[in-house]
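K.L.:
Below is a structure I'd like to ask you about.
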Amino acid sequence: MDKVFQVGPEGEVVPKELAETPGLPEDLTPRQIVEELDKYIVGQDRAKRAVAIALRNRRRRQLVPEDMRDEVMPKNILMIGPTGVGKTEIARRLAHLVRAPFVKVEATKFTEVGYVGRDVDSMVRDLAQESYRLVEAEEIEKVREKAREAAVDRLLDLLQPPARSSGGSMERLAAAMGEWLARQTQSRPAPEPEARDEETGEEDETSDLSEYEQRKAEQVERLRARLRARLIAGELDDRMVEIEVEDNTSPFLQVFSPQGLEEMGMDISGMLGGMLPKRRRKRTVTVAEAREILAEQVAREMVDQDKITREAVQRAEQAGIIFVDELDKIAGRESGQSGPAVSREGVQRDILPIIEGSTVITKLGPVRTDHILFIAAGAFHMAKPSDLIPELQGRLPIRVELESLTIEDFKRILTEPRNALLKQYAALLATEGVTVEFTEDAVQAIAEIAWDVNSRTENIGARRLHTVMERLMEDLSFNAPELEERHVVIDGAYVRERLTDLARDEDLSRYIL
């Protein structure tokens, strides 16, 4: 098949499969990306601009001439800022926005080769697996309707097998007819050939059996038609049915630990899956559950697994995002260290080839990391970015410092985003029939208390709002089912009554807020 090409915005010729790769924003400009992030994240404009440019550059790279395309490397980002200011959320929302494979890892989970712990290659394996999950879900969604129709057919076969296989009725009928003919032959002498039909009536009896079989088949088909209509209408959803499902538990003893197999690049189930029959077990579930289980099985049978694997590898390589958190915890190059800090510099050196570009063997095959976008983050309270080894600093060229949250930021976080905390609590209590209204002075009081506790104790950023709101709403959440007053107004006086004394007591606030 000839390769299909598409013309870029400047007249460039681009392979169509690259031009339409999910994870590469086709129409989103950096400004539009920032606007989308603003719907969920308050402030941090510099960080949003940096990731928006990095994402747009991926699209631009696909439009440059082919001889230069492989030379354009992603500009990896280092975010510096305290916890709870939006570092992780920016990266996660960005990946969700463009349907890109995304994994978040903690640098402290990795150890240098030779020490107990995870190796750095595992972050690429996790990314490949996440990419496969995304692509498989998209392909299954394409065949979902056909799979549902086929699932109804399979469910119908369980509830009422078709006549041709309904408990072996055809075989039993043939056996009964053979026995009857044998008895008739033994009980009377053989008639003359020309008079056999008239004297024995064998043809008539066979005809009677065929008519009975036909009537039985028509009766079964009418019953199946009625059952199909009831299945589609959902009238049988509460009925119990027994189905066979695949048993995914491994039949092998765990000779190696999962980490050991991971480091060796081995997938025992993948290697032996083709040689061993699939294990199945029976489950008794409702018809509604059975329909979903069977639809999922049928959909997985309908999709092309090889195509999914190829596309998953391509998407991981071209659009993958790896977020490495707590990078500051492995910074520090002081000599003479011992204990947990002994392998910090070794972990940094192991991360180097992954970020620079190498090939990692995964379950899906080799994955190149040359064009994966790495976003590293850390608070850098105890260490400085300059404490990282120089080679790693050079591979994180874009540095963005995120700002600590102010009282105004807290007020916006409480009210502006689509997933704002006040909206969440109002929605939760609405399920109990209770309407909650927060006044302006209540929002101001909550923001001031959260900022005050952050400034006097540990600064945990926006996460402080969760603890403050839980304490504020505790009584209301507990008593909501029995409340006589179904409309509750929370004002500044209510907030201060519930929280001010607690916030002022520094010892209590350290443990409760």
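Within each chain, counting starts at residue 1; across the structure tokens, chains are named A, B, ... in the order shown, with ligands numbered 1 upward in that order.
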Apply DSSP to the backbone of this structure and, from region 234-479 of chain A, keep only the residues in strand (DSSP E or B); write these as a PyMOL selection string.

P.N.:
chain A and resi 240-246+280-286+321-325+359-362+365-368+373-378+398-401+435-438

K.L.:
Please report the interatomic distance between CA of Val72 (chain A) and CA of Gly378 (chain A) in Å with one decimal.

P.N.:
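CA of Gly378 (chain A) lies at a distance of 26.5 Å from CA of Val72 (chain A).
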
K.L.:
Rounded to one decimal in Å, what is the spacing between CA of Met68 (chain A) and CA of Ile389 (chain A)?

P.N.:
29.6 Å

K.L.:
I'd like a table as JSON lines: residues in region 370-421 of chain A with an atom no more than 10 Å from region 452-458 of chain A, each row giving the shortest atom pair and its distance in Å to one decimal, only C-alpha atoms counted, sorted by chain and rising residue number.

P.N.:
```
{"residue": "A:Leu405", "atom": "CA", "partner": "A:Asn454", "partner_atom": "CA", "distance": 9.6}
{"residue": "A:Thr406", "atom": "CA", "partner": "A:Asp452", "partner_atom": "CA", "distance": 10.0}
{"residue": "A:Ile407", "atom": "CA", "partner": "A:Asp452", "partner_atom": "CA", "distance": 8.9}
```

K.L.:
Take the selection from the previous step and output its residues with N, CA and C atoms, as a JSON list (two decimals), in the first residue's frame.

P.N.:
```
[["chain", "number", "residue", "atom", "x", "y", "z"],
["A", 405, "LEU", "N", 1.31, 29.82, 47.02],
["A", 405, "LEU", "CA", -0.06, 30.28, 46.86],
["A", 405, "LEU", "C", -0.38, 31.39, 47.87],
["A", 406, "THR", "N", -1.10, 32.40, 47.41],
["A", 406, "THR", "CA", -1.53, 33.51, 48.27],
["A", 406, "THR", "C", -2.99, 33.30, 48.69],
["A", 407, "ILE", "N", -3.49, 34.25, 49.52],
["A", 407, "ILE", "CA", -4.90, 34.18, 49.94],
["A", 407, "ILE", "C", -5.82, 34.28, 48.73]]
```

K.L.:
Quick one: which region 88-144 of chain A residues come within 7 Å of region 315-335 of chain A, and what is the nearest atom pair for each with the distance in Å to one decimal, counting only C-alpha atoms, rows ordered by chain and ascending number, as JSON lines?

P.N.:
```
{"residue": "A:Ala100", "atom": "CA", "partner": "A:Ala319", "partner_atom": "CA", "distance": 5.7}
{"residue": "A:Pro101", "atom": "CA", "partner": "A:Gly320", "partner_atom": "CA", "distance": 4.9}
{"residue": "A:Phe102", "atom": "CA", "partner": "A:Ile321", "partner_atom": "CA", "distance": 4.9}
{"residue": "A:Val103", "atom": "CA", "partner": "A:Ile322", "partner_atom": "CA", "distance": 5.2}
{"residue": "A:Lys104", "atom": "CA", "partner": "A:Phe323", "partner_atom": "CA", "distance": 4.7}
{"residue": "A:Val105", "atom": "CA", "partner": "A:Val324", "partner_atom": "CA", "distance": 5.1}
{"residue": "A:Glu106", "atom": "CA", "partner": "A:Asp325", "partner_atom": "CA", "distance": 4.8}
{"residue": "A:Ala107", "atom": "CA", "partner": "A:Leu327", "partner_atom": "CA", "distance": 5.5}
{"residue": "A:Thr108", "atom": "CA", "partner": "A:Lys329", "partner_atom": "CA", "distance": 6.6}
{"residue": "A:Leu127", "atom": "CA", "partner": "A:Ala316", "partner_atom": "CA", "distance": 6.6}
{"residue": "A:Ala128", "atom": "CA", "partner": "A:Ala316", "partner_atom": "CA", "distance": 5.8}
{"residue": "A:Ser131", "atom": "CA", "partner": "A:Ala316", "partner_atom": "CA", "distance": 5.8}
```
